[in-house]
>>> print(open('my_file26.txt').read())   # compact mmCIF, C-alpha atoms and all ligand atoms
# COMPACT_ATOMS: atom_id res chain seq x y z
CA MET A 13 101.72 126.76 -76.16
CA GLU A 14 100.24 126.34 -72.68
CA ALA A 15 99.29 129.58 -70.89
CA ILE A 16 100.96 129.43 -67.48
CA TYR A 17 99.55 131.31 -64.52
CA LEU A 18 102.03 132.63 -61.95
CA ASP A 19 99.81 135.31 -60.44
CA HIS A 20 97.93 133.59 -57.62
CA ALA A 21 98.45 136.58 -55.31
CA ALA A 22 96.23 138.57 -57.69
CA THR A 23 93.53 135.93 -57.75
CA THR A 24 93.12 132.16 -57.87
CA PRO A 25 91.20 129.70 -60.03
CA VAL A 26 87.95 128.64 -58.37
CA HIS A 27 88.21 125.10 -56.96
CA GLU A 28 85.96 122.52 -58.60
CA GLU A 29 84.46 121.56 -55.23
CA VAL A 30 83.65 125.22 -54.58
CA ILE A 31 81.73 125.37 -57.86
CA GLU A 32 79.97 122.11 -57.00
CA ALA A 33 78.98 123.44 -53.59
CA MET A 34 77.55 126.63 -55.09
CA ILE A 35 75.52 125.19 -57.98
CA PRO A 36 72.75 123.55 -55.92
CA VAL A 37 72.40 126.74 -53.89
CA TYR A 38 71.96 128.75 -57.12
CA ARG A 39 69.40 126.21 -58.32
CA GLU A 40 67.45 125.51 -55.19
CA VAL A 41 67.97 128.18 -52.56
CA PHE A 42 66.74 131.55 -53.74
CA GLY A 43 65.03 132.75 -50.59
CA ASN A 44 66.08 135.93 -48.85
CA PRO A 45 67.87 134.92 -45.63
CA SER A 46 66.01 137.69 -43.79
CA SER A 47 62.59 136.28 -44.74
CA ILE A 48 60.91 134.28 -42.00
CA HIS A 49 59.11 131.81 -44.30
CA GLN A 50 60.58 128.44 -45.25
CA HIS A 51 62.34 129.74 -48.36
CA GLY A 52 64.09 132.36 -46.30
CA ARG A 53 64.88 129.94 -43.52
CA LYS A 54 66.60 127.60 -45.96
CA ALA A 55 68.91 130.42 -47.09
CA ARG A 56 69.47 131.52 -43.50
CA GLN A 57 70.51 127.98 -42.60
CA ILE A 58 73.23 128.07 -45.27
CA LEU A 59 74.53 131.39 -43.97
CA ASP A 60 74.48 130.23 -40.35
CA GLU A 61 76.26 126.99 -41.14
CA ALA A 62 78.93 128.77 -43.19
CA ARG A 63 79.46 131.33 -40.47
CA ARG A 64 79.88 128.57 -37.87
CA ASN A 65 82.27 126.54 -40.00
CA ILE A 66 84.41 129.49 -41.06
CA ALA A 67 84.56 130.73 -37.47
CA SER A 68 85.68 127.34 -36.20
CA VAL A 69 88.57 127.15 -38.70
CA LEU A 70 89.90 130.45 -37.33
CA GLY A 71 89.22 129.81 -33.66
CA ALA A 72 86.54 132.51 -33.63
CA ASN A 73 82.93 132.32 -32.59
CA GLU A 74 80.23 132.73 -35.20
CA LYS A 75 79.06 136.13 -33.95
CA GLU A 76 82.48 137.47 -34.79
CA ILE A 77 82.26 136.80 -38.54
CA ILE A 78 80.81 139.55 -40.76
CA PHE A 79 80.38 138.67 -44.43
CA THR A 80 81.46 141.43 -46.82
CA SER A 81 81.99 141.85 -50.55
CA GLY A 82 85.70 141.04 -50.17
CA GLY A 83 88.95 142.00 -48.51
CA THR A 84 88.68 145.68 -49.43
CA GLU A 85 85.31 146.10 -47.77
CA ALA A 86 86.45 144.12 -44.73
CA ASP A 87 89.47 146.44 -44.33
CA ASN A 88 87.28 149.53 -44.77
CA LEU A 89 84.71 148.27 -42.27
CA ALA A 90 87.41 147.51 -39.70
CA ILE A 91 89.21 150.83 -40.00
CA PHE A 92 86.27 153.20 -40.35
CA GLY A 93 84.18 151.04 -38.03
CA VAL A 94 86.34 151.48 -34.94
CA THR A 95 87.47 155.04 -35.54
CA GLU A 96 84.16 156.77 -36.23
CA ASN A 97 82.95 158.99 -33.41
CA THR A 98 85.71 157.95 -31.01
CA GLY A 99 86.86 161.51 -30.51
CA LYS A 100 90.46 160.33 -30.59
CA SER A 101 93.04 161.23 -33.07
CA HIS A 102 95.91 158.84 -33.85
CA ILE A 103 96.37 155.68 -35.91
CA ILE A 104 99.47 153.62 -36.69
CA THR A 105 99.89 151.60 -39.85
CA THR A 106 102.72 150.70 -42.23
CA SER A 107 103.75 152.18 -45.54
CA ILE A 108 103.51 148.73 -47.19
CA GLU A 109 99.82 148.01 -46.64
CA HIS A 110 97.51 147.18 -49.53
CA HIS A 111 95.68 150.20 -50.93
CA ALA A 112 92.50 148.88 -49.28
CA VAL A 113 94.15 150.00 -46.03
CA LEU A 114 96.38 152.85 -47.23
CA HIS A 115 93.67 154.73 -49.11
CA THR A 116 91.28 154.27 -46.19
CA MET A 117 93.90 155.83 -43.92
CA GLN A 118 94.33 158.72 -46.36
CA GLU A 119 90.58 159.29 -46.20
CA LEU A 120 90.75 159.45 -42.41
CA GLU A 121 93.63 161.92 -42.65
CA LYS A 122 91.35 164.18 -44.70
CA GLN A 123 88.89 163.97 -41.81
CA GLY A 124 91.56 165.19 -39.39
CA TRP A 125 93.07 161.96 -38.11
CA GLU A 126 96.80 161.77 -37.62
CA VAL A 127 98.29 158.63 -39.16
CA THR A 128 101.83 157.35 -38.53
CA TYR A 129 103.14 155.19 -41.39
CA VAL A 130 105.92 152.92 -40.15
CA ASP A 131 108.40 151.99 -42.91
CA PRO A 132 109.65 148.41 -43.33
CA GLU A 133 113.23 147.32 -42.88
CA PRO A 134 115.14 146.42 -46.08
CA ASP A 135 114.10 142.78 -45.54
CA GLY A 136 110.48 143.85 -46.10
CA ALA A 137 109.21 143.36 -42.54
CA VAL A 138 108.28 146.11 -40.13
CA ASP A 139 110.14 146.28 -36.84
CA PRO A 140 107.69 145.82 -33.94
CA GLU A 141 109.80 148.17 -31.84
CA LYS A 142 109.08 150.95 -34.31
CA ILE A 143 105.36 150.29 -33.91
CA GLU A 144 105.84 150.43 -30.14
CA ALA A 145 107.79 153.68 -30.40
CA ALA A 146 105.00 155.25 -32.46
CA LEU A 147 102.30 154.40 -29.88
CA ARG A 148 100.69 157.35 -28.13
CA GLU A 149 98.09 157.63 -25.43
CA ASP A 150 95.53 158.70 -28.02
CA THR A 151 96.32 155.90 -30.51
CA VAL A 152 92.98 154.30 -31.34
CA LEU A 153 94.02 151.74 -33.93
CA VAL A 154 97.08 149.87 -35.17
CA SER A 155 96.77 148.18 -38.57
CA VAL A 156 99.53 145.88 -39.82
CA MET A 157 99.03 143.28 -42.53
CA MET A 158 99.94 139.64 -41.93
CA VAL A 159 101.59 138.95 -45.29
CA ASN A 160 102.54 141.59 -47.83
CA ASN A 161 100.86 141.05 -51.20
CA GLU A 162 103.79 142.30 -53.32
CA THR A 163 106.74 140.60 -51.66
CA GLY A 164 105.05 137.83 -49.67
CA VAL A 165 107.04 138.94 -46.60
CA LYS A 166 105.48 137.84 -43.31
CA GLN A 167 104.90 140.64 -40.82
CA PRO A 168 105.46 140.21 -37.05
CA VAL A 169 101.75 140.39 -36.23
CA GLU A 170 101.92 138.28 -33.07
CA ARG A 171 104.73 140.35 -31.59
CA ILE A 172 102.80 143.53 -32.32
CA ALA A 173 99.72 142.02 -30.64
CA ASP A 174 101.85 141.33 -27.54
CA ILE A 175 103.04 144.93 -27.49
CA LEU A 176 99.45 146.14 -27.70
CA GLU A 177 98.31 143.94 -24.84
CA ASP A 178 98.80 146.81 -22.36
CA HIS A 179 97.37 149.50 -24.64
CA THR A 180 93.79 150.41 -25.42
CA ALA A 181 94.38 150.63 -29.20
CA TYR A 182 92.54 148.10 -31.35
CA PHE A 183 94.65 145.83 -33.52
CA HIS A 184 93.59 145.18 -37.11
CA SER A 185 95.42 142.91 -39.51
CA ASP A 186 94.77 142.41 -43.22
CA ALA A 187 95.18 138.64 -43.55
CA VAL A 188 94.01 138.40 -47.17
CA GLN A 189 97.34 136.94 -48.40
CA ALA A 190 97.90 134.78 -45.34
CA LEU A 191 94.77 132.66 -45.25
CA GLY A 192 95.49 129.08 -46.22
CA ILE A 193 99.26 129.61 -46.20
CA GLU A 194 99.93 130.70 -42.63
CA ASP A 195 98.38 129.35 -39.41
CA ILE A 196 95.68 131.67 -38.17
CA ASP A 197 93.97 131.43 -34.81
CA VAL A 198 92.45 134.80 -34.02
CA LYS A 199 92.33 134.19 -30.27
CA THR A 200 95.89 133.01 -29.74
CA MET A 201 97.07 135.74 -32.11
CA ASN A 202 95.21 138.28 -30.02
CA VAL A 203 93.97 140.45 -32.89
CA ASP A 204 90.75 142.47 -32.65
CA LEU A 205 89.98 142.70 -36.35
CA MET A 206 91.13 140.62 -39.30
CA ALA A 207 90.18 140.95 -42.99
CA PHE A 208 89.85 138.03 -45.43
CA SER A 209 88.92 137.53 -49.09
CA GLY A 210 87.38 134.59 -50.96
CA HIS A 211 89.04 134.91 -54.34
CA LYS A 212 92.61 134.50 -53.03
CA ILE A 213 91.80 131.03 -51.70
CA SER A 214 90.15 129.40 -54.72
CA GLY A 215 86.76 130.77 -53.68
CA PRO A 216 84.47 133.11 -55.59
CA LYS A 217 85.16 136.80 -56.15
CA GLY A 218 83.04 139.46 -54.47
CA ILE A 219 82.92 137.72 -51.10
CA GLY A 220 85.06 138.02 -48.00
CA PHE A 221 84.65 138.57 -44.32
CA LEU A 222 85.82 140.51 -41.34
CA TYR A 223 86.61 138.90 -38.02
CA ALA A 224 85.65 141.42 -35.31
CA THR A 225 86.19 140.32 -31.74
CA GLU A 226 82.99 140.08 -29.71
CA GLY A 227 82.02 143.31 -28.01
CA ILE A 228 84.18 145.60 -30.14
CA PRO A 229 82.20 148.74 -30.95
CA LEU A 230 82.04 148.62 -34.75
CA LYS A 231 79.99 151.16 -36.68
CA SER A 232 78.40 149.96 -39.90
CA ARG A 233 79.45 151.57 -43.17
CA THR A 234 76.19 150.73 -44.90
CA PHE A 235 72.71 151.73 -43.81
CA GLY A 236 69.62 149.72 -44.54
CA GLY A 237 68.51 146.37 -43.15
CA GLU A 238 69.79 144.78 -39.99
CA GLN A 239 71.87 142.03 -41.62
CA GLU A 240 75.12 140.82 -40.08
CA ARG A 241 73.99 141.95 -36.62
CA LYS A 242 73.55 145.52 -37.87
CA ARG A 243 77.20 145.73 -38.90
CA ARG A 244 76.73 145.40 -42.68
CA ALA A 245 73.37 146.21 -44.21
CA GLY A 246 72.35 144.49 -47.45
CA THR A 247 71.04 141.07 -48.47
CA GLU A 248 73.83 138.52 -48.09
CA ASN A 249 75.26 136.77 -51.15
CA VAL A 250 74.19 133.29 -50.04
CA GLN A 251 75.68 131.42 -53.01
CA ALA A 252 79.07 133.10 -52.66
CA VAL A 253 79.03 132.50 -48.91
CA LYS A 254 78.49 128.79 -49.60
CA GLY A 255 81.48 128.85 -51.97
CA LEU A 256 83.58 130.73 -49.44
CA GLU A 257 82.75 128.18 -46.76
CA LYS A 258 83.87 125.34 -49.05
CA ALA A 259 87.08 127.17 -49.99
CA VAL A 260 87.95 127.75 -46.32
CA GLN A 261 87.26 124.11 -45.44
CA LEU A 262 89.43 122.88 -48.30
CA LEU A 263 92.33 124.98 -47.01
CA LYS A 264 92.21 123.27 -43.67
CA ASP A 265 92.15 119.75 -45.10
CA ASN A 266 95.53 119.68 -46.80
CA LYS A 267 97.36 122.80 -45.69
CA GLN A 268 100.77 121.31 -45.03
CA GLU A 269 101.03 119.43 -48.32
CA ARG A 270 99.82 122.47 -50.22
CA VAL A 271 102.33 124.82 -48.65
CA GLU A 272 105.15 122.31 -49.22
CA GLU A 273 104.07 122.03 -52.84
CA TYR A 274 104.17 125.82 -53.38
CA SER A 275 107.52 125.99 -51.67
CA LYS A 276 108.83 123.34 -54.07
CA TYR A 277 107.53 125.37 -57.03
CA LYS A 278 109.30 128.49 -55.79
CA THR A 279 112.59 126.62 -55.36
CA LEU A 280 112.27 124.97 -58.75
CA PHE A 281 111.51 128.31 -60.40
CA LEU A 282 114.55 130.01 -58.86
CA GLU A 283 116.84 127.03 -59.52
CA THR A 284 115.81 127.01 -63.17
CA LEU A 285 116.61 130.73 -63.46
CA ASN A 286 119.98 130.02 -61.81
CA ASP A 287 120.70 127.16 -64.23
CA GLN A 288 119.87 129.46 -67.12
CA GLU A 289 122.24 132.07 -65.66
CA VAL A 290 119.62 134.72 -65.16
CA PRO A 291 120.83 137.18 -62.51
CA TYR A 292 118.19 138.45 -60.05
CA GLN A 293 117.82 139.69 -56.53
CA VAL A 294 115.01 138.57 -54.26
CA ASN A 295 113.06 141.52 -52.85
CA GLY A 296 112.34 140.69 -49.23
CA MET A 297 113.24 137.89 -46.86
CA ASN A 298 111.11 135.39 -44.98
CA ALA A 299 108.34 135.37 -47.58
CA VAL A 300 105.45 132.92 -47.67
CA ALA A 301 105.86 129.79 -49.78
CA SER A 302 103.61 131.02 -52.58
CA ILE A 303 105.14 134.40 -53.44
CA VAL A 304 108.53 135.61 -54.64
CA ASN A 305 109.36 139.11 -55.86
CA LEU A 306 112.44 139.37 -58.10
CA SER A 307 114.43 142.35 -59.26
CA PHE A 308 116.16 141.96 -62.66
CA SER A 309 118.81 144.62 -63.09
CA ASP A 310 118.72 146.72 -66.28
CA MET A 311 115.24 145.45 -67.11
CA ASN A 312 111.99 147.33 -67.32
CA VAL A 313 108.92 145.89 -65.68
CA GLU A 314 106.45 146.85 -68.42
CA THR A 315 108.66 145.46 -71.20
CA MET A 316 109.16 142.25 -69.26
CA LEU A 317 105.46 141.79 -68.46
CA THR A 318 104.48 142.45 -72.08
CA ASN A 319 107.00 139.88 -73.28
CA PHE A 320 105.92 137.37 -70.63
CA ASP A 321 102.36 137.80 -71.82
CA LEU A 322 103.36 137.23 -75.44
CA GLU A 323 105.05 134.01 -74.33
CA LYS A 324 101.95 133.10 -72.30
CA VAL A 325 103.34 133.55 -68.82
CA SER A 326 101.01 135.53 -66.55
CA ALA A 327 102.85 137.33 -63.76
CA SER A 328 102.56 140.82 -62.38
CA SER A 329 104.43 143.67 -60.81
CA GLY A 330 102.28 143.24 -57.72
CA SER A 331 101.62 146.96 -57.64
CA ALA A 332 98.69 148.78 -59.16
CA CYS A 333 98.27 148.88 -62.92
CA THR A 334 96.43 151.81 -64.41
CA ALA A 335 95.48 151.94 -68.07
CA GLY A 336 98.14 149.43 -69.04
CA SER A 337 101.03 151.11 -67.25
CA VAL A 338 102.55 149.96 -63.98
CA GLU A 339 102.67 152.42 -61.11
CA PRO A 340 105.94 152.44 -59.17
CA SER A 341 105.55 150.12 -56.21
CA HIS A 342 104.98 151.88 -52.87
CA VAL A 343 106.16 148.70 -51.13
CA LEU A 344 109.52 148.45 -52.90
CA SER A 345 110.06 152.19 -52.64
CA ALA A 346 109.58 151.95 -48.85
CA MET A 347 111.96 148.97 -48.64
CA PHE A 348 114.66 150.37 -50.91
CA PRO A 349 114.57 154.18 -50.81
CA GLU A 350 118.17 154.26 -52.07
CA GLU A 351 117.56 151.88 -54.96
CA PRO A 352 114.79 153.41 -57.11
CA GLU A 353 115.63 151.03 -59.99
CA ARG A 354 114.08 148.16 -58.02
CA MET A 355 110.72 149.87 -58.41
CA THR A 356 110.86 149.60 -62.19
CA ASN A 357 112.60 146.24 -62.66
CA SER A 358 110.78 143.95 -60.24
CA ILE A 359 108.21 141.24 -60.89
CA ARG A 360 106.07 139.22 -58.50
CA PHE A 361 105.64 135.52 -59.26
CA SER A 362 103.05 133.71 -57.19
CA PHE A 363 102.39 129.99 -57.21
CA GLY A 364 99.27 128.00 -56.52
CA ALA A 365 96.57 125.65 -57.71
CA ALA A 366 97.12 126.34 -61.43
CA ASN A 367 100.69 125.04 -61.19
CA ASP A 368 102.57 121.78 -61.29
CA GLU A 369 106.28 121.12 -61.48
CA ALA A 370 106.24 120.88 -65.26
CA ASN A 371 104.54 124.21 -65.91
CA VAL A 372 106.59 126.02 -63.27
CA LYS A 373 109.80 124.79 -64.91
CA GLU A 374 108.48 125.66 -68.35
CA ALA A 375 107.53 129.17 -67.16
CA ALA A 376 111.02 129.69 -65.74
CA MET A 377 112.56 128.58 -69.06
CA ARG A 378 110.37 131.08 -70.93
CA VAL A 379 111.25 133.86 -68.47
CA ALA A 380 114.95 133.02 -68.87
CA ALA A 381 114.70 133.08 -72.67
CA ILE A 382 112.96 136.47 -72.56
CA TYR A 383 115.55 137.85 -70.14
CA THR A 384 118.41 136.68 -72.37
CA ARG A 385 116.78 138.18 -75.47
CA LEU A 386 116.02 141.53 -73.81
CA ASN A 387 119.48 141.69 -72.25
CA LYS A 388 121.26 141.51 -75.59
C1 LIG B 401 96.69 142.23 -48.88
C2 LIG B 401 95.40 142.49 -49.59
N1 LIG B 401 94.43 143.15 -48.97
C3 LIG B 401 93.24 143.38 -49.56
C4 LIG B 401 92.99 142.98 -50.85
C5 LIG B 401 91.67 143.27 -51.47
O1 LIG B 401 90.83 142.14 -51.49
P1 LIG B 401 89.58 142.06 -52.46
O2 LIG B 401 90.11 141.94 -53.85
O3 LIG B 401 88.81 140.86 -52.01
O4 LIG B 401 88.77 143.32 -52.25
C6 LIG B 401 94.00 142.31 -51.56
C7 LIG B 401 93.80 141.92 -52.98
O5 LIG B 401 94.68 142.08 -53.79
C8 LIG B 401 95.22 142.05 -50.91
O6 LIG B 401 96.23 141.40 -51.54
>>> encode(input="my_file26.txt", output="structure tokens")
Amino acid sequence: MEAIYLDHAATTPVHEEVIEAMIPVYREVFGNPSSIHQHGRKARQILDEARRNIASVLGANEKEIIFTSGGTEADNLAIFGVTENTGKSHIITTSIEHHAVLHTMQELEKQGWEVTYVDPEPDGAVDPEKIEAALREDTVLVSVMMVNNETGVKQPVERIADILEDHTAYFHSDAVQALGIEDIDVKTMNVDLMAFSGHKISGPKGIGFLYATEGIPLKSRTFGGEQERKRRAGTENVQAVKGLEKAVQLLKDNKQERVEEYSKYKTLFLETLNDQEVPYQVNGMNAVASIVNLSFSDMNVETMLTNFDLEKVSASSGSACTAGSVEPSHVLSAMFPEEPERMTNSIRFSFGAANDEANVKEAAMRVAAIYTRLNK
């Protein structure tokens, strides 16, 4: 039986061309990019080229790209980086952010910052007017993700950026789930800080980057060498950066076809469940093509996931798993405070490079068979 992967929002298979781009760098380019001799210069050239190419895909300039170990570090650098030593006191975010943002905010609260968490509407998106209403004179930072990782729901980032045009607060957006699926131009979107990750876009794990608009005062979180224009100390992972560059370039080449393909998979998956008479509710509206979060009434998420795994379908609850048990989703609980059952009966399916129409249909048939068996 073929193992079918429907968890691309958790991570993605590494693209063959990404592997091919990285191998020669592993073999031939071992110099430290900070060394001034020829070995170092060769590594530096790879970093510089990647930085330029990645920046150009996003409409940024190369000075605005800071390589990090992934999305989590990029979020941390953005949030701590602009709040440290500002002497101000207020931040706005949403209650549906990834823990890379939420736990960072909680850390700042311990340090005396006041954080307003704006709840989403039942459709899964935050209302920009509620962000506007929460703004204060001493608001230093607003952080709202571009696409939610559990529901796939797109957030009104551009409207929030417009609202912030006349305010001094910096605007950070976690775009980890949006890259390659949504159009991103950091200048027209008017964001100050944006976090990205390599492993969600068929790139390697342990690499990501932060876009930080030129001139923004950003304090480093790491102390050591002067890499990344003193904003992130530590020898850069040259091989992973090469892979990240390739992954970003591949996204640009065939974006429209790819998104249409994922959209087709989602429709096919849901239609197959309908044909098999599996009742479900979709959690969230206006989600990206690659993600759908479904609530199955009278089901239990852990039982379902265990049975999916036995039948070789890999999906997830989308929320954190600790020691084999699934924590109730903070995203669904914020969307549906009156419907706690959705927190324990919902599954995220996410489509991508490991799929084709045949395996998506087959996965839906297996899910339907499991549902019917468990429902008896
Ligand atoms: C929205 C979002 N932000 C941040 C992260 C963290 O990224 P990384 O795994 O590269 O640290 C993830 C990964 O799940 C994510 O989905």
>>> axis_aligned_box(input="my_file26.txt", around="ligand LIG 401 (chain B)", padding_each_side="4 Å", output="lines of an AutoDock Vina configuration file")
center_x = 92.7
center_y = 142.1
center_z = -51.4
size_x = 15.9
size_y = 10.5
size_z = 13.0
>>> closest_atom_pairs(input="my_file26.txt", of="chain A", to="ligand LIG 401 (chain B)", cutoff="6 Å", atoms="only C-alpha atoms and all ligand atoms", output="JSON lines")
{"residue": "A:Ala22", "atom": "CA", "partner": "B:LIG401", "partner_atom": "O5", "distance": 5.5}
{"residue": "A:Gly82", "atom": "CA", "partner": "B:LIG401", "partner_atom": "O3", "distance": 3.6}
{"residue": "A:Gly83", "atom": "CA", "partner": "B:LIG401", "partner_atom": "O1", "distance": 3.5}
{"residue": "A:Thr84", "atom": "CA", "partner": "B:LIG401", "partner_atom": "O4", "distance": 3.7}
{"residue": "A:His110", "atom": "CA", "partner": "B:LIG401", "partner_atom": "C1", "distance": 5.1}
{"residue": "A:Ala112", "atom": "CA", "partner": "B:LIG401", "partner_atom": "C3", "distance": 5.6}
{"residue": "A:Asn160", "atom": "CA", "partner": "B:LIG401", "partner_atom": "C1", "distance": 6.0}
{"residue": "A:Asn161", "atom": "CA", "partner": "B:LIG401", "partner_atom": "O6", "distance": 4.7}
{"residue": "A:Asp186", "atom": "CA", "partner": "B:LIG401", "partner_atom": "N1", "distance": 5.8}
{"residue": "A:Val188", "atom": "CA", "partner": "B:LIG401", "partner_atom": "C2", "distance": 5.0}
{"residue": "A:Gln189", "atom": "CA", "partner": "B:LIG401", "partner_atom": "C1", "distance": 5.4}
{"residue": "A:Ser209", "atom": "CA", "partner": "B:LIG401", "partner_atom": "O3", "distance": 4.4}
>>> closest_atom_pairs(input="my_file26.txt", of="segment 170-213 of chain A", to="segment 255-268 of chain A", cutoff="8 Å", atoms="all atoms listed in the file", output="tab-separated table")
residue	atom	partner	partner_atom	distance
A:Gly192	CA	A:Leu263	CA	5.2
A:Ile193	CA	A:Lys267	CA	7.1
A:Gly210	CA	A:Leu256	CA	5.6
A:Ile213	CA	A:Ala259	CA	6.3
>>> residues_around(input="my_file26.txt", residues="Tyr182 of chain A", least_positions_apart="6", cutoff="7 Å", atoms="only C-alpha atoms", output="list of chain:residue names")
A:Val152, A:Leu153, A:Val154, A:Asp204
>>> closest_residue(input="my_file26.txt", among="A:Gln251, A:Glu109, A:Gly218, A:Thr356", to="Arg39 of chain A", atoms="only C-alpha atoms")
A:Gln251
>>> build_atoms(input="my_file26.txt", residues="segment 33-40 of chain A", atoms="all heavy atoms", output="compact mmCIF listing (two decimals), in the frame of the given file")
# COMPACT_ATOMS: atom_id res chain seq x y z
N ALA A 33 79.74 123.08 -54.80
CA ALA A 33 78.98 123.44 -53.59
C ALA A 33 78.00 124.58 -53.89
O ALA A 33 76.92 124.66 -53.29
CB ALA A 33 79.95 123.86 -52.48
N MET A 34 78.39 125.45 -54.82
CA MET A 34 77.55 126.63 -55.09
C MET A 34 76.37 126.32 -56.00
O MET A 34 75.29 126.92 -55.85
CB MET A 34 78.41 127.74 -55.72
CG MET A 34 79.39 128.37 -54.75
SD MET A 34 80.57 129.44 -55.59
CE MET A 34 79.54 130.85 -55.95
N ILE A 35 76.56 125.41 -56.96
CA ILE A 35 75.52 125.19 -57.98
C ILE A 35 74.15 124.83 -57.38
O ILE A 35 73.15 125.48 -57.71
CB ILE A 35 75.99 124.16 -59.04
CG1 ILE A 35 77.07 124.81 -59.90
CG2 ILE A 35 74.82 123.69 -59.92
CD1 ILE A 35 77.75 123.87 -60.87
N PRO A 36 74.09 123.86 -56.47
CA PRO A 36 72.75 123.55 -55.92
C PRO A 36 72.13 124.73 -55.18
O PRO A 36 70.91 124.87 -55.16
CB PRO A 36 73.00 122.37 -54.97
CG PRO A 36 74.45 122.14 -54.94
CD PRO A 36 75.13 122.95 -55.97
N VAL A 37 72.96 125.58 -54.60
CA VAL A 37 72.40 126.74 -53.89
C VAL A 37 71.81 127.72 -54.92
O VAL A 37 70.73 128.26 -54.72
CB VAL A 37 73.48 127.43 -53.02
CG1 VAL A 37 72.85 128.52 -52.16
CG2 VAL A 37 74.17 126.42 -52.12
N TYR A 38 72.52 127.90 -56.04
CA TYR A 38 71.96 128.75 -57.12
C TYR A 38 70.63 128.18 -57.60
O TYR A 38 69.67 128.90 -57.84
CB TYR A 38 72.93 128.83 -58.30
CG TYR A 38 73.92 129.97 -58.17
CD1 TYR A 38 75.28 129.72 -58.01
CD2 TYR A 38 73.50 131.28 -58.24
CE1 TYR A 38 76.19 130.76 -57.90
CE2 TYR A 38 74.40 132.33 -58.12
CZ TYR A 38 75.74 132.07 -57.96
OH TYR A 38 76.61 133.11 -57.84
N ARG A 39 70.59 126.83 -57.75
CA ARG A 39 69.40 126.21 -58.32
C ARG A 39 68.22 126.18 -57.35
O ARG A 39 67.09 126.43 -57.73
CB ARG A 39 69.71 124.76 -58.72
CG ARG A 39 70.64 124.64 -59.89
CD ARG A 39 70.22 123.52 -60.83
NE ARG A 39 70.99 123.58 -62.07
CZ ARG A 39 72.09 122.88 -62.31
NH1 ARG A 39 72.54 122.03 -61.40
NH2 ARG A 39 72.72 123.02 -63.45
N GLU A 40 68.55 125.88 -56.09
CA GLU A 40 67.45 125.51 -55.19
C GLU A 40 67.18 126.50 -54.06
O GLU A 40 66.11 126.47 -53.47
CB GLU A 40 67.74 124.13 -54.56
CG GLU A 40 67.75 123.00 -55.57
CD GLU A 40 68.70 121.88 -55.18
OE1 GLU A 40 68.92 121.68 -53.97
OE2 GLU A 40 69.24 121.22 -56.10
